[in-house]
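The structure under discussion appears below in the form of structure tokens.
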Amino acid sequence: SGLAALAHGLPAGLQQLQLDFTSCSQLSDEGVAELACRLPGGLQLLRLDLTDCSLLSDGGLTTLVGRMPASLQQLQLNFTGCSQISDSGLAALADGLPGSLQQLQLNLTRCSQLSDAGLAALAGHLP
């Protein structure tokens, strides 16, 4: 896939990565997993805009957070309109936040499957 090709081309020494996939309605968990598996180990800043990527689900989010580099200091994720993201995905995100993280920005607008339980899981893992 195209995202796999992009992921394979990421330089190993990359420290900042910003990608905007707004309204890429065919972007799936598999594509996000390909990207996650290729994130450079020294990455310090990651910004992903996944607005209206309607195929993205908890599985993609879980894979992404499971592969975040330990060096990550700033994380900005936009899941606006990702209606398949639920409390379990948010809990996985909370569990997988790197200890080095200094700044976190999440946009969960129109994530209709989220409830207080998911937000509580996130809150419980914030410094």
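Labels used: A, B, ... for chains in the order of the structure tokens, numbers from 1 for residues in each chain, and numbers from 1 for ligands as shown.
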
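Near A:Leu119, within a cut-off of 10 Å and counting only C-alpha atoms, sit the residues Asp87, Leu90, Ala91, Ala94, Leu114, Ser115, Asp116, Ala117, Ala121, Leu122, Ala123 and Gly124 of chain A, with same-chain residues fewer than 2 positions away left out.
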
Neighbouring residues of stretch 52-63 of chain A were defined as those with any atom within 6 Å, considering only C-alpha atoms; residues of the same chain fewer than 6 positions away were excluded. Please report them as a PyMOL selection string.
chain A and resi 23-25+28-29+32-33+81-82+84-85+89+92

I need the residues from that last selection saved to file as a PDB file, in the first residue's frame (with C-alpha atoms), if you can.
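Contents of out-v1.pdb, freshly written:
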```pdb
ATOM      1  CA  SER A  23     -10.553  12.433   4.990  1.00  0.00           C
ATOM      2  CA  CYS A  24      -8.445   9.520   3.731  1.00  0.00           C
ATOM      3  CA  SER A  25     -11.492   7.301   4.000  1.00  0.00           C
ATOM      4  CA  SER A  28      -7.233   1.370   7.602  1.00  0.00           C
ATOM      5  CA  ASP A  29      -5.803  -0.196  10.726  1.00  0.00           C
ATOM      6  CA  VAL A  32      -1.546   2.668  10.468  1.00  0.00           C
ATOM      7  CA  ALA A  33       0.148  -0.545  11.660  1.00  0.00           C
ATOM      8  CA  GLY A  81     -14.784  11.715  13.249  1.00  0.00           C
ATOM      9  CA  CYS A  82     -13.079   8.349  13.821  1.00  0.00           C
ATOM     10  CA  GLN A  84     -14.803   3.298  15.534  1.00  0.00           C
ATOM     11  CA  ILE A  85     -12.474   4.524  18.284  1.00  0.00           C
ATOM     12  CA  GLY A  89      -8.757   2.128  22.222  1.00  0.00           C
ATOM     13  CA  ALA A  92      -4.780   1.242  25.188  1.00  0.00           C
TER      14      ALA A  92
END
```

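Rounded to one decimal, atom CA of A:Leu106 and atom CA of A:Leu46 lie 11.8 Å from each other.
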
Contact check, stretch 12-92 of chain A to stretch 96-104 of chain A, at most 8 Å, counting only C-alpha atoms, closest pairs as a Markdown table:
```
| residue | atom | partner | partner_atom | distance |
| --- | --- | --- | --- | --- |
| A:Val65 | CA | A:Gly96 | CA | 5.5 |
| A:Gly66 | CA | A:Gly96 | CA | 6.0 |
| A:Met68 | CA | A:Pro98 | CA | 7.1 |
| A:Pro69 | CA | A:Pro98 | CA | 7.3 |
| A:Ala70 | CA | A:Pro98 | CA | 5.4 |
| A:Ser71 | CA | A:Ser100 | CA | 6.0 |
| A:Leu72 | CA | A:Leu101 | CA | 5.7 |
| A:Gln73 | CA | A:Leu101 | CA | 4.1 |
| A:Gln74 | CA | A:Gln103 | CA | 4.7 |
| A:Leu75 | CA | A:Leu104 | CA | 5.0 |
| A:Gln76 | CA | A:Leu104 | CA | 5.9 |
| A:Ala92 | CA | A:Gly96 | CA | 6.1 |
```

Among the residues A:Gln15, A:Arg67, A:Leu77, A:Thr22, the one that comes closest to A:Gln44 [using only C-alpha atoms]:
A:Gln15

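Considering only C-alpha atoms, the residue among A:Gln105, A:Ser86, A:Gln113, A:Thr51 positioned nearest to A:Leu19 is A:Thr51.
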
Could you pull out the residues in chain A that DSSP calls helix (DSSP H, G or I) from the backbone, as number ranges by chain?
A: 2-8, 29-37, 58-66, 87-96, 116-123

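Considering only C-alpha atoms, the residue among A:Leu126, A:Leu93, A:Leu6, A:Ala12 positioned nearest to A:Leu43 is A:Ala12.
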
Run DSSP on the backbone of this structure and report the residues of stretch 24-125 of chain A it assigns to strand (DSSP E), as a VMD selection string.
chain A and resid 45 to 49 74 to 78 103 to 107

Between atom CA of A:Gln26 and atom CA of A:Leu3, what distance in Å does the model show, to one decimal?
11.0 Å

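Between atom CA of A:Pro11 and atom CA of A:Thr80 there is a distance of 28.4 Å.
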